[in-house]
Amino acid sequence: MKIASIALASLLLLSASASAEEPVKIGFISTFSGPSGQLGQELLDGFNLGIKSVGGKLGGRTVEVIKGDDQAKPDVGRQLADKMIESDRVQIITGINFSNVMLAVAKPVLDSGAFIFSVNAGPSQYAGKLCNAHYFNESFQNDTLPEAMGLYLNSKQAKRVYLMAPNYPAGKDFLAGFKRTFKGQIAGEVYTAFGQLDYAAEIAQLRAAKPDAVFFFYPGGMGINFVKQYAQAGLTKEVKLYGPSFSLDQTVLPGMGDAAIGAYASAFWTEDFDNPASKKFVADFEAAYGRVPSPNAANAYDGARILDAALTSIGGKIEDKAAFRKALENVKFDSVRGHFRFNTNHYPIQDSYLAEIVKDAKGRPTMKKLELIKADQADSYASQCNMAAQ
Amino acid sequence: MDVALFTEQLLNGVQLGVQLFLMAAGLTLVFGIMNMINLTHGSLYMIGAFVAAALFGHTGSFLLALVIAVPATALAGALLEAAVLRHFYHRGHLDQVLVTFGLILVLNEIVKMIWGAVPVPLPVPQLLSGSVTLFADVTYPSFRLAILGVGAVVALGLYAVVAHTRIGMWVRAGASNRDIASAMGVNVELIFSLVFAAGAALAGLAGIMAGPINAVQVGMGEPVLILALVVTVIGGVGSIKGAFIAALMIGVVDTFGRVLLPPALGSMMIFMLMAVILAWRPRGLFPVHG
């Protein structure tokens, strides 16, 4: 009897310690192939570096990151998430970069009881009515940077602004975000075909409209085409370009080269942020991957460090979902972005800055931080979120 | 739209057309003469741009990059033809599409392995970085004028070679009847290899000229390939003249469609134009074979 109970006790002890040794399992779904393939790599590199920066563990537990390529397709993302939840038993899904993929993936993941922890995609739906106890976004809500640029151009008393974006949902969202805060006149609002190569015709129309400024959102290769052609049309000095940092960050700046010099971006983080966490991040990233990081990589780096800080505060027990949620909501960590906290809707409250594209000491185009546009900027959907009802 | 703006948009349309022509010329030659659907034409465009960007990065001279990258692309094309594509001339179009589509994926990955996923810089050459005042209110970027010039020279050169030289005669003979042409002593194999290499050189040239105004990145060839296929089909497969006229039409229609029509309709214009032309002339504007 005694021996049996000792055996039982030691068995319990063993299984308890075994569960403590179990790795934290994270499903990293992102776009690794196709024209947007570099974005997934940028996020994963930042995330892995973030894990490395806290000693290779999260909250003292080993980590297993399972990578999946959504090919920028919502259905593929959904299948990957189902597989990761059911057979790999991941506790967190992260990495998703496209909002439409996020919208397809989030519901089944949240229904299964796992956490969505976004380091990039920030659809408005989950910031507002669909907000969820297990859904966290630590990067940004899509509308916030265009809203910040609207505020900035108000402060500069820009009267007539010309808007350009690709004709797809995010393009319309970004221009809508800008129009929400901008009080001046819209001199033109042009949507071009997604993936368009040549913008000469639109640029000629733009020049004829004689605006004070241009606000544009063109991700990836489209942005490179547009900015290069805008510079060649000789407009860069006459009518300044303004955009969210996604259109002017290190995923596209090397391809734009000098054409981007003198453009302005609204950003939550730039390469020259002057805090110790950011300086260490930039130096480590360049040493590890041989390139300058983008704000996307910075967000993903922060993401890993948020998970570590939250898990550390609850002794690594990710299995206690209520405690983990609370730990995330109140997380304290050294963000590369300086000020950061979660809003009631689990989206960030952070500072937005104006940045100018300049050449760094090595002649590479980078974002240079200028003035603070808005401190503690929250998104416009938080009031629609009733987290208590969750 | 006033006269100055109209003129500028017309120039934009013609310039876009000429750019498409550079791409479509090689495609239509290979398609028409060898009856080979070559989707890797877009990859050769990409290779031309990447090689030029690399050379520009090392030497700082756009002209040098151009002079070396064009033959380098021709060489890449010749290797591709000798190693893989030669064995598909006699196969059906579906086989050709499959193998060349597979090659697109392979070549994209190879380029990514060499140059990485981040787009590489290829700026406008210093000499052509400004704008030229053409008349009164119309200023136009010099580099786009240069593209116009290069396109015009290539069009004239191709026309002269194909229509007025002995090699051109062999090419046309090989195209219209391969067996008889070889029986008459024409080395058709060699001619085809040369045509393929020349097509590759043109694709490379198109890629290099597009580099300073477009993103030099993995997969840059595919969207252009689609437009070039539209041009080839409208112009009549195998016809250089057809490709030239169709490319100008597409350029002008696309430019004005984008400016004057709502976005969804504007980006459909060229495909609607293709549908109308094919309904009227199913073999394109200038069919080569009877």
# chains A, B, ... in the order shown; residues from 1 in each chain; ligands from 1
$ interface_residues --of "chain B" --to "chain A" --cutoff "8 Å" --atoms "only C-alpha atoms" --output "compact mmCIF listing (two decimals) with all heavy atoms, in the first residue's frame"
# COMPACT_ATOMS: atom_id res chain seq x y z
N LEU B 5 -2.01 67.72 -71.63
CA LEU B 5 -2.20 66.48 -70.89
C LEU B 5 -2.50 65.33 -71.84
O LEU B 5 -1.99 64.22 -71.68
CB LEU B 5 -3.33 66.64 -69.86
CG LEU B 5 -3.55 65.48 -68.92
CD1 LEU B 5 -2.28 65.14 -68.16
CD2 LEU B 5 -4.67 65.79 -67.93
N GLU B 8 0.67 64.21 -73.40
CA GLU B 8 1.48 63.45 -72.45
C GLU B 8 0.94 62.03 -72.28
O GLU B 8 1.70 61.05 -72.27
CB GLU B 8 1.53 64.16 -71.09
CG GLU B 8 2.52 63.51 -70.16
CD GLU B 8 2.64 64.22 -68.82
OE1 GLU B 8 2.06 65.29 -68.66
OE2 GLU B 8 3.29 63.64 -67.93
N GLN B 9 -0.39 61.92 -72.19
CA GLN B 9 -0.97 60.59 -72.03
C GLN B 9 -0.77 59.75 -73.29
O GLN B 9 -0.55 58.55 -73.20
CB GLN B 9 -2.46 60.69 -71.69
CG GLN B 9 -2.77 61.35 -70.35
CD GLN B 9 -2.26 60.57 -69.15
OE1 GLN B 9 -1.28 59.84 -69.25
NE2 GLN B 9 -2.90 60.75 -68.01
N ASN B 12 2.61 58.50 -73.10
CA ASN B 12 2.65 57.41 -72.12
C ASN B 12 2.14 56.12 -72.74
O ASN B 12 2.72 55.05 -72.52
CB ASN B 12 1.78 57.76 -70.91
CG ASN B 12 2.45 58.73 -69.97
OD1 ASN B 12 3.68 58.78 -69.92
ND2 ASN B 12 1.67 59.52 -69.26
N GLY B 13 1.06 56.22 -73.49
CA GLY B 13 0.49 55.03 -74.11
C GLY B 13 1.45 54.41 -75.11
O GLY B 13 1.68 53.19 -75.11
N LEU B 16 4.41 52.82 -73.30
CA LEU B 16 4.04 51.53 -72.71
C LEU B 16 3.95 50.47 -73.81
O LEU B 16 4.40 49.33 -73.64
CB LEU B 16 2.71 51.66 -71.96
CG LEU B 16 2.15 50.40 -71.31
CD1 LEU B 16 3.10 49.91 -70.22
CD2 LEU B 16 0.76 50.66 -70.72
N ALA B 117 15.15 37.64 -51.62
CA ALA B 117 13.75 37.97 -51.89
C ALA B 117 13.50 39.48 -51.92
O ALA B 117 12.51 39.93 -52.45
CB ALA B 117 12.85 37.32 -50.83
N VAL B 118 14.39 40.25 -51.33
CA VAL B 118 14.20 41.71 -51.31
C VAL B 118 14.52 42.29 -52.69
O VAL B 118 15.54 41.94 -53.28
CB VAL B 118 15.12 42.36 -50.25
CG1 VAL B 118 14.93 43.86 -50.21
CG2 VAL B 118 14.85 41.77 -48.88
N PRO B 119 13.63 43.14 -53.23
CA PRO B 119 13.89 43.73 -54.54
C PRO B 119 15.24 44.45 -54.58
O PRO B 119 15.64 45.06 -53.59
CB PRO B 119 12.75 44.73 -54.72
CG PRO B 119 11.67 44.24 -53.82
CD PRO B 119 12.36 43.58 -52.67
N VAL B 120 15.94 44.36 -55.71
CA VAL B 120 17.27 44.97 -55.81
C VAL B 120 17.18 46.30 -56.56
O VAL B 120 16.29 46.49 -57.37
CB VAL B 120 18.28 44.03 -56.51
CG1 VAL B 120 18.43 42.75 -55.74
CG2 VAL B 120 17.84 43.75 -57.93
N PRO B 121 18.09 47.23 -56.25
CA PRO B 121 18.03 48.53 -56.92
C PRO B 121 18.60 48.49 -58.35
O PRO B 121 19.56 47.79 -58.61
CB PRO B 121 18.90 49.42 -56.03
CG PRO B 121 19.81 48.51 -55.30
CD PRO B 121 19.13 47.18 -55.22
N LEU B 122 17.95 49.20 -59.23
CA LEU B 122 18.50 49.48 -60.56
C LEU B 122 18.01 50.87 -60.94
O LEU B 122 16.94 51.02 -61.52
CB LEU B 122 18.03 48.42 -61.59
CG LEU B 122 18.49 48.63 -63.03
CD1 LEU B 122 20.00 48.74 -63.14
CD2 LEU B 122 18.02 47.51 -63.94
N PRO B 123 18.77 51.91 -60.56
CA PRO B 123 18.29 53.27 -60.78
C PRO B 123 18.40 53.70 -62.24
O PRO B 123 19.02 53.01 -63.05
CB PRO B 123 19.20 54.12 -59.90
CG PRO B 123 20.41 53.29 -59.66
CD PRO B 123 20.05 51.86 -59.87
N SER B 129 18.23 60.87 -66.18
CA SER B 129 17.39 60.93 -64.99
C SER B 129 16.44 62.11 -65.00
O SER B 129 15.48 62.13 -64.25
CB SER B 129 18.27 60.95 -63.74
OG SER B 129 19.07 62.10 -63.78
N GLY B 130 16.68 63.07 -65.84
CA GLY B 130 15.84 64.27 -65.82
C GLY B 130 14.63 64.17 -66.73
O GLY B 130 14.22 63.09 -67.15
N SER B 131 14.04 65.32 -66.99
CA SER B 131 12.92 65.37 -67.91
C SER B 131 13.27 66.31 -69.06
O SER B 131 14.13 67.16 -68.93
CB SER B 131 11.66 65.89 -67.21
OG SER B 131 11.25 64.99 -66.23
N TYR B 140 8.60 65.50 -70.38
CA TYR B 140 8.50 64.05 -70.37
C TYR B 140 9.81 63.47 -69.84
O TYR B 140 10.88 63.96 -70.19
CB TYR B 140 8.22 63.55 -71.81
CG TYR B 140 7.55 62.21 -71.82
CD1 TYR B 140 6.26 62.06 -71.32
CD2 TYR B 140 8.21 61.08 -72.29
CE1 TYR B 140 5.64 60.82 -71.31
CE2 TYR B 140 7.61 59.85 -72.29
CZ TYR B 140 6.31 59.73 -71.79
OH TYR B 140 5.70 58.50 -71.77
N PRO B 141 9.73 62.42 -68.99
CA PRO B 141 10.97 61.85 -68.44
C PRO B 141 11.88 61.33 -69.56
O PRO B 141 11.42 60.62 -70.46
CB PRO B 141 10.47 60.69 -67.58
CG PRO B 141 9.05 61.00 -67.27
CD PRO B 141 8.53 61.79 -68.44
N PHE B 143 14.14 59.09 -69.58
CA PHE B 143 14.33 57.65 -69.69
C PHE B 143 13.19 57.00 -70.47
O PHE B 143 13.41 56.06 -71.23
CB PHE B 143 14.45 57.01 -68.31
CG PHE B 143 14.87 55.57 -68.39
CD1 PHE B 143 16.19 55.24 -68.67
CD2 PHE B 143 13.96 54.54 -68.23
CE1 PHE B 143 16.59 53.92 -68.79
CE2 PHE B 143 14.35 53.22 -68.35
CZ PHE B 143 15.67 52.91 -68.62
N PRO B 212 14.74 50.33 -64.47
CA PRO B 212 14.75 51.62 -63.78
C PRO B 212 13.37 52.19 -63.48
O PRO B 212 13.25 53.10 -62.66
CB PRO B 212 15.49 52.53 -64.76
CG PRO B 212 16.32 51.60 -65.57
CD PRO B 212 15.50 50.37 -65.71
N ILE B 213 12.31 51.70 -64.14
CA ILE B 213 10.99 52.24 -63.79
C ILE B 213 10.13 51.23 -63.05
O ILE B 213 9.11 51.59 -62.49
CB ILE B 213 10.22 52.79 -65.01
CG1 ILE B 213 10.13 51.75 -66.12
CG2 ILE B 213 10.85 54.04 -65.55
CD1 ILE B 213 9.31 52.25 -67.29
N ASN B 214 10.53 49.97 -63.01
CA ASN B 214 9.76 48.97 -62.29
C ASN B 214 10.61 48.32 -61.21
O ASN B 214 11.82 48.49 -61.16
CB ASN B 214 9.25 47.89 -63.25
CG ASN B 214 8.08 48.38 -64.08
OD1 ASN B 214 7.36 49.28 -63.67
ND2 ASN B 214 7.91 47.81 -65.25
N ALA B 215 9.93 47.55 -60.34
CA ALA B 215 10.64 46.84 -59.29
C ALA B 215 11.41 45.67 -59.90
O ALA B 215 10.85 44.89 -60.67
CB ALA B 215 9.65 46.32 -58.26
N VAL B 216 12.69 45.58 -59.56
CA VAL B 216 13.47 44.42 -59.98
C VAL B 216 13.37 43.39 -58.86
O VAL B 216 14.05 43.47 -57.85
CB VAL B 216 14.94 44.80 -60.24
CG1 VAL B 216 15.73 43.57 -60.67
CG2 VAL B 216 15.01 45.87 -61.31
N GLN B 217 12.43 42.45 -59.04
CA GLN B 217 12.18 41.48 -57.98
C GLN B 217 11.81 40.12 -58.57
O GLN B 217 11.45 40.03 -59.75
CB GLN B 217 11.07 41.98 -57.06
CG GLN B 217 9.75 42.14 -57.76
CD GLN B 217 8.64 42.61 -56.83
OE1 GLN B 217 8.84 42.71 -55.64
NE2 GLN B 217 7.47 42.87 -57.38
N VAL B 218 11.89 39.11 -57.73
CA VAL B 218 11.54 37.77 -58.18
C VAL B 218 10.10 37.75 -58.67
O VAL B 218 9.21 38.30 -58.02
CB VAL B 218 11.73 36.77 -57.02
CG1 VAL B 218 11.25 35.39 -57.43
CG2 VAL B 218 13.18 36.72 -56.59
N GLY B 219 9.86 37.15 -59.83
CA GLY B 219 8.51 37.06 -60.36
C GLY B 219 8.06 38.28 -61.14
O GLY B 219 6.91 38.39 -61.52
N PRO B 223 3.64 39.21 -64.81
CA PRO B 223 2.59 40.13 -65.27
C PRO B 223 2.86 40.67 -66.67
O PRO B 223 1.93 40.85 -67.46
CB PRO B 223 2.64 41.29 -64.25
CG PRO B 223 3.52 40.86 -63.15
CD PRO B 223 4.30 39.69 -63.59
N THR B 255 -3.72 52.95 -71.39
CA THR B 255 -3.45 54.24 -70.75
C THR B 255 -4.72 55.09 -70.66
O THR B 255 -5.07 55.59 -69.58
CB THR B 255 -2.37 55.00 -71.54
OG1 THR B 255 -1.19 54.20 -71.53
CG2 THR B 255 -2.08 56.34 -70.92
N PHE B 256 -5.42 55.23 -71.77
CA PHE B 256 -6.61 56.07 -71.73
C PHE B 256 -7.75 55.40 -70.97
O PHE B 256 -8.54 56.07 -70.30
CB PHE B 256 -7.03 56.47 -73.16
CG PHE B 256 -6.18 57.58 -73.70
CD1 PHE B 256 -5.13 57.30 -74.56
CD2 PHE B 256 -6.41 58.89 -73.31
CE1 PHE B 256 -4.32 58.33 -75.03
CE2 PHE B 256 -5.61 59.92 -73.79
CZ PHE B 256 -4.56 59.63 -74.65
N ARG B 258 -7.42 53.58 -68.32
CA ARG B 258 -7.16 53.79 -66.90
C ARG B 258 -7.51 55.20 -66.45
O ARG B 258 -7.95 55.42 -65.32
CB ARG B 258 -5.68 53.51 -66.61
CG ARG B 258 -5.40 52.08 -66.25
CD ARG B 258 -3.98 51.69 -66.61
NE ARG B 258 -3.01 52.65 -66.11
CZ ARG B 258 -1.78 52.77 -66.62
NH1 ARG B 258 -1.39 52.00 -67.62
NH2 ARG B 258 -0.94 53.65 -66.12
N VAL B 259 -7.27 56.15 -67.36
CA VAL B 259 -7.46 57.54 -66.97
C VAL B 259 -8.92 57.96 -67.06
O VAL B 259 -9.43 58.70 -66.22
CB VAL B 259 -6.59 58.45 -67.88
CG1 VAL B 259 -6.93 59.90 -67.63
CG2 VAL B 259 -5.13 58.19 -67.60
N PRO B 263 -12.05 52.47 -62.22
CA PRO B 263 -10.93 51.54 -62.12
C PRO B 263 -11.23 50.11 -62.58
O PRO B 263 -10.45 49.53 -63.33
CB PRO B 263 -10.56 51.56 -60.63
CG PRO B 263 -11.56 52.41 -59.96
CD PRO B 263 -12.27 53.20 -60.98
N ALA B 264 -12.36 49.55 -62.20
CA ALA B 264 -12.63 48.16 -62.55
C ALA B 264 -12.71 48.01 -64.07
O ALA B 264 -12.14 47.10 -64.66
CB ALA B 264 -13.92 47.70 -61.90
N SER B 267 -9.19 48.66 -66.07
CA SER B 267 -8.18 47.60 -66.11
C SER B 267 -8.65 46.42 -66.95
O SER B 267 -7.88 45.52 -67.23
CB SER B 267 -7.82 47.16 -64.69
OG SER B 267 -8.98 46.88 -63.96
$ residues_around --residues "segment 35-52 of chain B" --least-positions-apart "6" --cutoff "7 Å" --atoms "only C-alpha atoms" --output "NGL selection string"
:B and (27 or 65-66 or 69-70 or 73 or 77 or 89 or 93 or 96-97 or 100-101 or 103-104 or 107 or 200 or 203-208 or 211 or 216 or 220-222 or 224-225)
$ write_last_selection --atoms "N, CA and C atoms" --output "compact mmCIF listing (two decimals), in the first residue's frame"
# COMPACT_ATOMS: atom_id res chain seq x y z
N LEU B 27 8.68 36.79 -78.08
CA LEU B 27 7.66 35.78 -77.82
C LEU B 27 6.99 35.36 -79.12
N ALA B 65 26.27 47.74 -68.11
CA ALA B 65 25.33 46.71 -67.66
C ALA B 65 24.47 46.23 -68.82
N LEU B 66 24.02 47.18 -69.63
CA LEU B 66 23.17 46.85 -70.78
C LEU B 66 23.94 46.00 -71.78
N ALA B 69 24.56 42.53 -70.12
CA ALA B 69 23.40 41.74 -69.67
C ALA B 69 22.59 41.20 -70.85
N VAL B 70 22.54 41.93 -71.96
CA VAL B 70 21.76 41.43 -73.10
C VAL B 70 22.35 40.12 -73.64
N THR B 73 21.75 37.30 -71.18
CA THR B 73 20.40 36.72 -71.22
C THR B 73 20.25 35.82 -72.44
N GLY B 77 19.21 32.00 -72.39
CA GLY B 77 18.15 31.45 -73.23
C GLY B 77 18.65 30.29 -74.07
N TYR B 89 9.80 20.82 -78.98
CA TYR B 89 9.27 21.42 -80.20
C TYR B 89 8.21 20.56 -80.84
N HIS B 93 1.08 21.62 -77.35
CA HIS B 93 1.18 22.88 -76.64
C HIS B 93 1.03 22.71 -75.12
N GLN B 96 4.22 21.84 -73.62
CA GLN B 96 5.12 23.01 -73.64
C GLN B 96 4.76 23.98 -72.51
N VAL B 97 3.45 24.17 -72.33
CA VAL B 97 3.02 25.07 -71.26
C VAL B 97 3.46 24.52 -69.91
N THR B 100 7.34 24.78 -69.46
CA THR B 100 7.86 26.15 -69.30
C THR B 100 7.30 26.79 -68.03
N PHE B 101 6.09 26.38 -67.63
CA PHE B 101 5.58 26.90 -66.35
C PHE B 101 6.42 26.37 -65.19
N LEU B 103 9.49 25.60 -65.38
CA LEU B 103 10.76 26.33 -65.42
C LEU B 103 10.65 27.71 -64.79
N ILE B 104 9.47 28.34 -64.93
CA ILE B 104 9.28 29.65 -64.27
C ILE B 104 9.52 29.51 -62.78
N LEU B 107 13.25 28.84 -62.09
CA LEU B 107 14.10 30.02 -62.31
C LEU B 107 13.84 31.08 -61.24
N ALA B 200 15.47 35.59 -76.54
CA ALA B 200 15.91 35.75 -75.14
C ALA B 200 16.60 37.10 -74.96
N ALA B 203 14.01 39.74 -74.70
CA ALA B 203 13.36 39.70 -73.39
C ALA B 203 14.27 40.34 -72.35
N GLY B 204 15.57 40.00 -72.42
CA GLY B 204 16.53 40.59 -71.50
C GLY B 204 16.57 42.10 -71.64
N LEU B 205 16.59 42.56 -72.90
CA LEU B 205 16.61 44.00 -73.17
C LEU B 205 15.37 44.67 -72.58
N ALA B 206 14.21 44.01 -72.78
CA ALA B 206 12.96 44.56 -72.23
C ALA B 206 13.06 44.66 -70.71
N GLY B 207 13.61 43.61 -70.08
CA GLY B 207 13.74 43.61 -68.63
C GLY B 207 14.68 44.71 -68.14
N ILE B 208 15.78 44.89 -68.87
CA ILE B 208 16.75 45.92 -68.46
C ILE B 208 16.15 47.31 -68.60
N GLY B 211 13.77 47.88 -65.85
CA GLY B 211 14.35 47.90 -64.50
C GLY B 211 14.29 49.25 -63.81
N VAL B 216 12.69 45.58 -59.56
CA VAL B 216 13.47 44.42 -59.98
C VAL B 216 13.37 43.39 -58.86
N MET B 220 9.00 39.22 -61.42
CA MET B 220 8.62 40.45 -62.13
C MET B 220 8.18 40.19 -63.57
N GLY B 221 8.59 39.03 -64.11
CA GLY B 221 8.30 38.76 -65.51
C GLY B 221 6.88 38.33 -65.79
N GLU B 222 6.22 37.72 -64.81
CA GLU B 222 4.93 37.10 -65.10
C GLU B 222 3.84 38.08 -65.53
N VAL B 224 4.15 40.89 -66.98
CA VAL B 224 4.50 41.40 -68.30
C VAL B 224 4.27 40.32 -69.34
N LEU B 225 4.56 39.08 -68.97
CA LEU B 225 4.36 37.96 -69.89
C LEU B 225 2.90 37.88 -70.33
$ atom_distance --atom1 "atom CA of Ala388 of chain A" --atom2 "atom CA of Ala148 of chain A"
28.7 Å
$ select_by_dssp --residues "segment 111-227 of chain B" --states "alpha helix (DSSP H)" --output "PyMOL selection string"
chain B and resi 111-115+142-164+166-176+178-183+188-210+221-227
$ atom_distance --atom1 "atom CA of Ile96 of chain A" --atom2 "atom CA of Leu163 of chain A"
27.4 Å
$ atom_distance --atom1 "atom CA of Ser30 of chain A" --atom2 "atom CA of Gly77 of chain A"
8.0 Å
$ residues_around --residues "Ala323 of chain A" --least-positions-apart "6" --cutoff "10 Å" --atoms "only C-alpha atoms" --output "PyMOL selection string"
chain A and resi 310-311+313-314+317+329
$ write_last_selection --atoms "N, CA, C and O atoms" --output "PDB file, in the first residue's frame"
ATOM      1  N   ALA A 310       4.928  37.820 -20.615  1.00  0.00           N
ATOM      2  CA  ALA A 310       3.641  37.374 -20.063  1.00  0.00           C
ATOM      3  C   ALA A 310       3.793  35.990 -19.435  1.00  0.00           C
ATOM      4  O   ALA A 310       3.303  35.739 -18.324  1.00  0.00           O
ATOM      5  N   LEU A 311       4.458  35.087 -20.135  1.00  0.00           N
ATOM      6  CA  LEU A 311       4.609  33.718 -19.616  1.00  0.00           C
ATOM      7  C   LEU A 311       5.481  33.706 -18.367  1.00  0.00           C
ATOM      8  O   LEU A 311       5.216  32.945 -17.435  1.00  0.00           O
ATOM      9  N   SER A 313       5.658  35.937 -16.117  1.00  0.00           N
ATOM     10  CA  SER A 313       4.902  36.436 -14.963  1.00  0.00           C
ATOM     11  C   SER A 313       3.949  35.386 -14.395  1.00  0.00           C
ATOM     12  O   SER A 313       3.478  35.518 -13.279  1.00  0.00           O
ATOM     13  N   ILE A 314       3.644  34.331 -15.169  1.00  0.00           N
ATOM     14  CA  ILE A 314       2.771  33.277 -14.638  1.00  0.00           C
ATOM     15  C   ILE A 314       3.503  31.938 -14.573  1.00  0.00           C
ATOM     16  O   ILE A 314       2.890  30.866 -14.635  1.00  0.00           O
ATOM     17  N   LYS A 317       3.062  28.908 -17.257  1.00  0.00           N
ATOM     18  CA  LYS A 317       1.880  28.030 -17.370  1.00  0.00           C
ATOM     19  C   LYS A 317       0.906  28.541 -18.425  1.00  0.00           C
ATOM     20  O   LYS A 317      -0.143  29.107 -18.113  1.00  0.00           O
ATOM     21  N   GLU A 329      -2.664  40.967 -21.054  1.00  0.00           N
ATOM     22  CA  GLU A 329      -3.324  42.275 -20.960  1.00  0.00           C
ATOM     23  C   GLU A 329      -2.484  43.268 -20.162  1.00  0.00           C
ATOM     24  O   GLU A 329      -2.459  44.450 -20.465  1.00  0.00           O
TER      25      GLU A 329
END
$ select_by_dssp --residues "segment 210-299 of chain A" --states "strand (DSSP E)" --output "ChimeraX atom specification"
/A:213-216,240-244,264-267
$ write_last_selection --atoms "C-alpha atoms" --output "PDB file, in the first residue's frame"
ATOM      1  CA  ALA A 213       0.636  66.561 -51.210  1.00  0.00           C
ATOM      2  CA  VAL A 214       0.118  62.945 -52.229  1.00  0.00           C
ATOM      3  CA  PHE A 215      -0.938  60.245 -49.783  1.00  0.00           C
ATOM      4  CA  PHE A 216      -0.386  56.776 -51.197  1.00  0.00           C
ATOM      5  CA  LYS A 240       5.854  65.451 -51.555  1.00  0.00           C
ATOM      6  CA  LEU A 241       4.860  61.840 -51.112  1.00  0.00           C
ATOM      7  CA  TYR A 242       3.311  60.704 -47.842  1.00  0.00           C
ATOM      8  CA  GLY A 243       2.472  57.146 -46.926  1.00  0.00           C
ATOM      9  CA  PRO A 244       2.204  54.653 -44.092  1.00  0.00           C
ATOM     10  CA  TYR A 264       7.526  60.876 -45.648  1.00  0.00           C
ATOM     11  CA  ALA A 265       6.098  57.956 -43.716  1.00  0.00           C
ATOM     12  CA  SER A 266       3.963  57.664 -40.626  1.00  0.00           C
ATOM     13  CA  ALA A 267       5.442  54.946 -38.437  1.00  0.00           C
TER      14      ALA A 267
END
$ closest_residue --among "B:Gly199, B:Gly157, B:Gly284, B:Pro125" --to "Ala243 of chain B" --atoms "only C-alpha atoms"
B:Gly284
$ residues_around --residues "Val186 of chain B" --least-positions-apart "3" --cutoff "12 Å" --atoms "only C-alpha atoms" --output "MDAnalysis selection string"
chainID B and resid 166:175 177:183 189:192
$ decode --residues "segment 136-149 of chain A" --atoms "N, CA and C atoms" --output "tab-separated table (two decimals), in the first residue's frame"
chain	number	residue	atom	x	y	z
A	136	PHE	N	-5.23	38.60	-29.59
A	136	PHE	CA	-4.37	39.74	-29.29
A	136	PHE	C	-3.65	40.17	-30.57
A	137	ASN	N	-3.55	41.47	-30.76
A	137	ASN	CA	-2.74	42.01	-31.85
A	137	ASN	C	-1.77	43.00	-31.24
A	138	GLU	N	-0.46	42.74	-31.40
A	138	GLU	CA	0.52	43.64	-30.77
A	138	GLU	C	1.20	44.53	-31.80
A	139	SER	N	0.74	44.48	-33.08
A	139	SER	CA	1.46	45.25	-34.10
A	139	SER	C	0.79	46.61	-34.33
A	140	PHE	N	-0.42	46.59	-34.91
A	140	PHE	CA	-1.13	47.83	-35.24
A	140	PHE	C	-2.49	47.43	-35.76
A	141	GLN	N	-3.41	48.38	-35.73
A	141	GLN	CA	-4.67	48.19	-36.44
A	141	GLN	C	-4.47	48.90	-37.78
A	142	ASN	N	-4.96	48.27	-38.88
A	142	ASN	CA	-4.68	48.77	-40.23
A	142	ASN	C	-4.90	50.26	-40.42
A	143	ASP	N	-5.95	50.80	-39.79
A	143	ASP	CA	-6.32	52.20	-40.07
A	143	ASP	C	-5.41	53.22	-39.38
A	144	THR	N	-4.64	52.80	-38.37
A	144	THR	CA	-4.03	53.79	-37.49
A	144	THR	C	-2.95	54.64	-38.17
A	145	LEU	N	-2.09	54.03	-38.99
A	145	LEU	CA	-1.03	54.85	-39.60
A	145	LEU	C	-1.57	55.84	-40.63
A	146	PRO	N	-2.52	55.45	-41.49
A	146	PRO	CA	-3.11	56.49	-42.35
A	146	PRO	C	-3.83	57.58	-41.53
A	147	GLU	N	-4.47	57.19	-40.44
A	147	GLU	CA	-5.11	58.21	-39.59
A	147	GLU	C	-4.06	59.18	-39.05
A	148	ALA	N	-2.92	58.63	-38.64
A	148	ALA	CA	-1.85	59.48	-38.11
A	148	ALA	C	-1.38	60.46	-39.18
A	149	MET	N	-1.26	59.98	-40.43
A	149	MET	CA	-0.79	60.87	-41.49
A	149	MET	C	-1.81	61.95	-41.78
